>>> print(open('target-v9.cif').read())   # mmCIF, C-alpha atoms
data_target
#
loop_
_atom_site.label_atom_id
_atom_site.label_comp_id
_atom_site.auth_asym_id
_atom_site.auth_seq_id
_atom_site.Cartn_x
_atom_site.Cartn_y
_atom_site.Cartn_z
CA MET X 27 0.00 0.00 0.00
CA ASN X 28 1.50 3.35 -1.02
CA ASP X 29 1.31 6.61 0.91
CA ILE X 30 -1.56 7.99 -1.17
CA GLU X 31 -3.67 4.93 -0.40
CA ILE X 32 -2.86 5.19 3.32
CA LEU X 33 -3.70 8.91 3.32
CA THR X 34 -7.00 8.14 1.57
CA LYS X 35 -7.93 5.58 4.23
CA ALA X 36 -7.11 8.03 7.01
CA ASN X 37 -9.30 10.70 5.39
CA GLN X 38 -12.08 8.19 4.80
CA LEU X 39 -12.13 7.19 8.45
CA ARG X 40 -12.07 10.81 9.62
CA CYS X 41 -15.10 11.47 7.41
CA ARG X 42 -16.84 8.29 8.57
CA LEU X 43 -16.39 9.34 12.21
CA GLY X 44 -17.69 12.86 11.58
CA LEU X 45 -14.38 14.73 11.45
CA ASP X 46 -13.31 17.37 8.97
CA ALA X 47 -10.16 17.17 6.86
CA TYR X 48 -7.94 19.57 8.77
CA SER X 49 -8.66 19.86 12.51
CA PRO X 50 -6.89 18.09 15.39
CA VAL X 51 -8.82 15.31 17.13
CA ASN X 52 -9.01 13.90 20.65
CA VAL X 53 -8.77 10.21 19.79
CA PHE X 54 -9.74 9.03 23.27
CA GLU X 55 -12.99 10.99 23.27
CA LEU X 56 -13.61 9.84 19.71
CA ALA X 57 -13.09 6.20 20.72
CA GLN X 58 -15.93 6.43 23.24
CA SER X 59 -18.35 7.26 20.41
CA ILE X 60 -17.46 4.15 18.37
CA ASP X 61 -19.99 1.32 18.73
CA GLY X 62 -18.64 -1.91 20.17
CA LEU X 63 -15.23 -0.47 21.11
CA THR X 64 -13.70 -0.79 24.56
CA THR X 65 -10.55 1.15 25.44
CA VAL X 66 -8.28 -0.12 28.21
CA PHE X 67 -5.40 1.83 29.75
CA TYR X 68 -2.71 -0.27 31.38
CA PRO X 69 1.05 0.15 31.99
CA MET X 70 2.55 -2.53 29.73
CA GLY X 71 6.25 -1.84 30.14
CA GLU X 72 8.67 -0.69 27.48
CA ASN X 73 8.16 -3.08 24.56
CA ILE X 74 4.47 -2.75 23.67
CA SER X 75 2.72 0.52 22.89
CA GLY X 76 -0.76 -0.84 22.18
CA MET X 77 -2.88 -3.87 21.41
CA CYS X 78 -5.98 -4.56 19.34
CA LEU X 79 -8.24 -7.58 19.85
CA LYS X 80 -11.27 -8.10 17.62
CA GLY X 81 -14.33 -9.97 18.84
CA LYS X 82 -17.61 -11.11 17.37
CA GLY X 83 -20.20 -8.77 15.91
CA GLY X 84 -17.79 -5.90 15.37
CA THR X 85 -16.74 -5.67 19.01
CA CYS X 86 -13.14 -4.72 19.70
CA VAL X 87 -10.80 -4.04 22.60
CA ILE X 88 -7.94 -1.58 22.18
CA ALA X 89 -5.41 -1.51 25.01
CA ILE X 90 -3.06 1.45 25.38
CA ASN X 91 0.21 1.48 27.32
CA SER X 92 -0.37 4.21 29.91
CA ALA X 93 3.31 4.11 30.94
CA MET X 94 4.17 5.95 27.73
CA SER X 95 3.77 9.66 27.11
CA LEU X 96 0.35 11.05 26.30
CA GLY X 97 1.55 11.93 22.80
CA ARG X 98 2.65 8.34 22.23
CA GLN X 99 -0.62 7.00 23.68
CA ARG X 100 -2.64 9.14 21.26
CA PHE X 101 -0.53 7.92 18.35
CA SER X 102 -0.95 4.31 19.49
CA MET X 103 -4.72 4.74 19.59
CA ALA X 104 -4.80 6.00 16.00
CA HIS X 105 -2.42 3.17 15.02
CA GLU X 106 -4.85 0.62 16.47
CA PHE X 107 -7.72 2.30 14.61
CA TYR X 108 -6.05 1.08 11.41
CA HIS X 109 -6.09 -2.50 12.67
CA LYS X 110 -9.71 -2.23 13.80
CA PHE X 111 -11.15 -0.68 10.66
CA PHE X 112 -8.86 -1.81 7.83
CA ASP X 113 -6.74 -4.80 8.85
CA GLU X 114 -9.04 -7.63 7.79
CA ASN X 115 -6.46 -10.38 8.27
CA MET X 116 -5.96 -10.02 12.00
CA LYS X 117 -7.91 -10.82 15.13
CA ALA X 118 -5.32 -9.74 17.67
CA ILE X 119 -2.11 -7.80 17.33
CA CYS X 120 0.41 -6.04 19.57
CA ALA X 121 2.10 -2.90 18.28
CA MET X 122 5.79 -2.77 19.12
CA VAL X 123 7.23 0.52 20.29
CA ILE X 124 9.39 0.84 17.16
CA ALA X 125 7.31 -0.66 14.39
CA THR X 126 9.98 -0.04 11.74
CA GLU X 127 12.21 -2.53 13.53
CA SER X 128 9.56 -5.22 13.71
CA GLY X 129 9.87 -6.07 10.04
CA LYS X 130 6.13 -6.09 9.63
CA ASP X 131 4.79 -4.06 6.72
CA THR X 132 1.35 -3.83 8.32
CA GLU X 133 2.79 -2.13 11.37
CA LYS X 134 4.56 0.42 9.19
CA ILE X 135 1.33 1.07 7.33
CA ALA X 136 -0.55 1.49 10.62
CA ASP X 137 2.06 4.01 11.79
CA LYS X 138 1.69 6.07 8.60
CA PHE X 139 -2.08 5.84 8.92
CA ALA X 140 -1.88 7.18 12.48
CA SER X 141 0.27 10.08 11.31
CA TYR X 142 -2.20 11.07 8.60
CA PHE X 143 -5.19 10.55 10.90
CA LEU X 144 -3.84 12.73 13.70
CA MET X 145 -2.11 15.26 11.44
CA PRO X 146 -4.37 15.57 8.37
CA SER X 147 -2.43 16.85 5.40
CA VAL X 148 -4.51 19.96 4.71
CA GLY X 149 -4.44 21.25 8.27
CA PHE X 150 -0.87 20.19 9.05
CA ASP X 151 0.67 21.57 5.86
CA ASN X 152 -1.27 24.83 6.08
CA MET X 153 -0.13 25.44 9.64
CA ALA X 154 3.47 24.43 8.86
CA GLU X 155 3.53 26.80 5.87
CA LYS X 156 2.10 29.66 7.92
CA LEU X 157 4.68 29.19 10.69
CA ALA X 158 7.59 28.81 8.25
CA SER X 159 6.59 31.89 6.25
CA SER X 160 7.13 34.10 9.28
CA ASN X 161 10.85 33.22 9.28
CA SER X 162 13.47 34.79 7.01
CA ASP X 163 14.46 31.44 5.47
CA ASN X 164 10.87 30.16 5.15
CA LYS X 165 11.78 27.14 7.29
CA LEU X 166 10.41 25.92 10.59
CA THR X 167 12.24 26.71 13.81
CA PHE X 168 12.42 24.33 16.77
CA GLY X 169 9.76 26.41 18.49
CA ASP X 170 7.50 26.16 15.43
CA ILE X 171 7.68 22.37 15.63
CA ILE X 172 6.70 22.51 19.30
CA ARG X 173 3.65 24.56 18.27
CA LEU X 174 2.72 21.99 15.61
CA GLU X 175 2.97 18.98 17.91
CA GLN X 176 1.08 20.76 20.67
CA TYR X 177 -1.73 21.78 18.31
CA PHE X 178 -2.19 18.29 16.86
CA GLY X 179 -1.51 16.52 20.15
CA VAL X 180 1.30 14.25 18.97
CA SER X 181 4.72 13.35 20.30
CA HIS X 182 7.82 15.24 19.19
CA LYS X 183 9.05 12.11 17.43
CA ALA X 184 5.79 11.75 15.46
CA ALA X 185 5.88 15.40 14.36
CA MET X 186 9.53 15.17 13.30
CA ILE X 187 9.03 11.98 11.29
CA ARG X 188 6.12 13.63 9.52
CA LEU X 189 8.30 16.65 8.68
CA LYS X 190 11.38 14.67 7.62
CA ASN X 191 10.94 15.21 3.88
CA SER X 192 8.88 18.37 4.16
CA ALA X 193 9.81 21.51 2.24
CA PHE X 194 9.18 23.46 5.44
CA LEU X 195 12.08 21.84 7.33
CA ALA X 196 15.73 22.50 6.51
CA ARG X 197 17.38 19.14 5.81
CA ASN X 198 20.44 19.99 7.87
CA LYS X 199 18.23 20.66 10.92
CA PHE X 200 16.38 17.33 11.10
CA GLU X 201 18.85 15.38 13.23
CA ALA X 202 19.44 18.25 15.65
CA PHE X 203 15.71 18.91 16.07
CA PHE X 204 14.80 15.21 16.25
CA SER X 205 17.19 14.32 19.07
CA ASN X 206 16.92 17.62 20.91
CA ASN X 207 16.60 16.96 24.64
CA ILE X 208 15.00 20.28 25.54
CA VAL X 209 11.56 19.61 24.08
CA TYR X 210 9.93 19.54 27.51
CA SER X 211 11.58 22.70 28.82
CA THR X 212 11.02 24.56 25.53
CA ALA X 213 7.31 23.75 25.54
CA GLU X 214 7.12 24.86 29.16
CA ARG X 215 8.81 28.20 28.42
CA MET X 216 6.45 28.73 25.47
CA GLY X 217 3.49 28.47 27.83
CA PHE X 218 2.27 25.01 26.77
CA SER X 219 1.15 22.22 29.05
CA THR X 220 3.80 19.50 29.26
CA ASP X 221 1.24 16.69 29.69
CA LEU X 222 1.92 15.64 26.10
CA TYR X 223 5.41 14.47 27.03
CA ARG X 224 4.56 12.60 30.23
CA PRO X 225 2.89 9.24 30.99
CA SER X 226 -0.53 9.05 32.62
CA ALA X 227 -0.68 10.57 36.07
CA GLU X 228 -0.72 8.35 39.14
CA GLY X 229 -4.24 7.08 39.63
CA GLN X 230 -4.99 7.27 35.89
CA SER X 231 -2.71 4.46 34.70
CA TYR X 232 -5.49 1.89 34.84
CA GLY X 233 -8.97 2.21 33.40
CA SER X 234 -11.56 0.97 30.92
CA PHE X 235 -14.10 2.95 28.93
CA GLY X 236 -16.67 2.25 26.26
CA TYR X 237 -18.64 -0.83 25.27
CA TYR X 238 -17.56 -3.18 28.09
CA ILE X 239 -18.75 -0.76 30.77
CA THR X 240 -21.99 -0.02 28.94
CA LEU X 241 -22.78 -3.72 28.42
CA ALA X 242 -22.00 -4.68 32.02
CA ASN X 243 -24.25 -1.91 33.35
CA LYS X 244 -27.04 -2.93 30.97
CA LEU X 245 -26.86 -6.57 32.12
CA HIS X 246 -26.84 -5.47 35.75
CA GLU X 247 -29.84 -3.18 35.32
CA GLU X 248 -31.74 -6.00 33.58
CA GLU X 249 -30.77 -8.33 36.47
CA ALA X 250 -29.10 -10.68 34.00
CA ILE X 251 -26.06 -10.71 36.30
CA SER X 252 -25.86 -10.52 40.07
CA ASP X 253 -24.46 -7.65 42.10
CA GLY X 254 -21.42 -9.75 42.87
CA LYS X 255 -20.78 -10.55 39.21
CA TYR X 256 -21.18 -6.90 38.26
CA GLU X 257 -18.65 -5.86 40.89
CA GLU X 258 -16.27 -8.56 39.68
CA LEU X 259 -16.55 -7.30 36.11
CA MET X 260 -15.97 -3.69 37.12
CA LEU X 261 -12.96 -4.50 39.29
CA SER X 262 -11.39 -6.60 36.53
CA ALA X 263 -11.84 -3.60 34.23
CA PHE X 264 -9.98 -1.30 36.66
CA ARG X 265 -13.16 0.60 37.55
CA PRO X 266 -13.38 0.41 41.37
CA ASP X 267 -15.06 3.83 41.25
CA LEU X 268 -18.17 2.13 39.85
CA VAL X 269 -18.16 -0.33 42.72
CA TYR X 270 -17.06 1.72 45.72
CA GLY X 271 -17.94 5.22 44.53
CA GLY X 272 -15.41 8.01 44.76
CA GLY X 273 -16.87 10.49 42.30
CA GLY X 274 -20.41 11.41 43.18
CA ASP X 275 -22.54 13.78 41.11
CA SER X 276 -22.23 16.40 43.85
CA GLU X 277 -18.54 16.81 42.97
CA TYR X 278 -19.32 18.02 39.44
CA VAL X 279 -20.70 21.30 38.16
CA ILE X 280 -22.98 21.33 35.13
CA ASP X 281 -22.51 24.78 33.56
#
>>> encode(input="target-v9.cif", output="C-alpha cells")
Amino acid sequence: MNDIEILTKANQLRCRLGLDAYSPVNVFELAQSIDGLTTVFYPMGENISGMCLKGKGGTCVIAINSAMSLGRQRFSMAHEFYHKFFDENMKAICAMVIATESGKDTEKIADKFASYFLMPSVGFDNMAEKLASSNSDNKLTFGDIIRLEQYFGVSHKAAMIRLKNSAFLARNKFEAFFSNNIVYSTAERMGFSTDLYRPSAEGQSYGSFGYYITLANKLHEEEAISDGKYEELMLSAFRPDLVYGGGGDSEYVID
C-alpha cells in the first residue's frame, strides 16, 4: 500500500467518524463514540505501545500502554484504529514501540495511517507553511515544531518523522531537532502544558471505557447478572469507582 492509499484511508475514516479534513482530534474521546469499542489503559512496560483484539459482531478491545507519554498514547490509539477498521487479516495484534524494527509491513502502514489521521495533510501543511513563512528562510524553527505537535496533540518524534521530507524543514536541521533533549523545557517556556510528554498521572494508569462498561451496566440493570458478578466485572476492568464510589454527582458542576 502506497502513501496515497494510506492517506486516503485516514481521510475516509475521519469522514466516517464525523471529522473534517484539517482539525486536530481527541482520539480518546472519539473512541468512546465508536460502537462496540472498549478502550483499556494499562502500563505494559517498554516493549508494547498498544494492542488490538477483535471480537464477534464488530466488538473490539484496544489496550493502550499508559506508561508511555500522552503523545505516544494518542498515536498508538490511531495506530490501532487502522487494525480495527482496515486490517481484515488479523484478530489480535500487539504494536511494538518501534514498528519499523519489527519487520512487519502492516505495522509500518498502521504508523503512517496514524500520522495522517492525527495530522491531516490539509491542516498540518497549512499550519506548517504559515509558521515557516514568518521566518526569514521560510523554514520551521524548533519552536515552530513545538507549536505543531502541541496543536495536533502528537509526540515530538511523530511530528519530526512527519516533517522529515517536508519543504518546510531544513534538511540539515532534522537530526538536531529530532534528538533535541530540551523539548519539555522549551514547551514549558512557550506556555504550553507538558502533559503531552509525560505518561498518565498516578491514579490514571489503569482504566476501561466504552462498550464493556456499557454492556456490564445494561446486564446489571436488567438483572441478568448478580451484584457480585457486576462488581467482579468492574474491578477486573480497573473501575473500582463504579463499585465503591469516589466520584459522586455532587462533585461536578454542570454549567
>>> closest_residue(input="target-v9.cif", among="X:Ala89, X:Ala250, X:Ala154, X:Leu63", to="X:Gly169", atoms="all atoms listed in the file")
X:Ala154
>>> closest_residue(input="target-v9.cif", among="X:Ala227, X:Met145, X:Val87, X:Ile171", to="X:Ser49", atoms="all atoms listed in the file")
X:Met145
>>> resolve_selection(input="target-v9.cif", expression="the PyMOL selection byres ((chain X and resi 252-261) around 12)", output="list in words")
Tyr232, Gly233, Ser234, Phe235, Tyr238, Ile239, Thr240, Leu241, Ala242, Asn243, Lys244, Leu245, His246, Glu247, Glu248, Glu249, Ala250, Ile251, Ser262, Ala263, Phe264, Arg265, Pro266, Asp267, Leu268, Val269, Tyr270 and Gly271 of chain X
>>> atom_distance(input="target-v9.cif", atom1="atom CA of X:Thr65", atom2="atom CA of X:Glu214")
29.8 Å
>>> closest_residue(input="target-v9.cif", among="X:Phe203, X:Phe178, X:Phe218, X:Phe143", to="X:Cys41", atoms="all atoms listed in the file")
X:Phe143
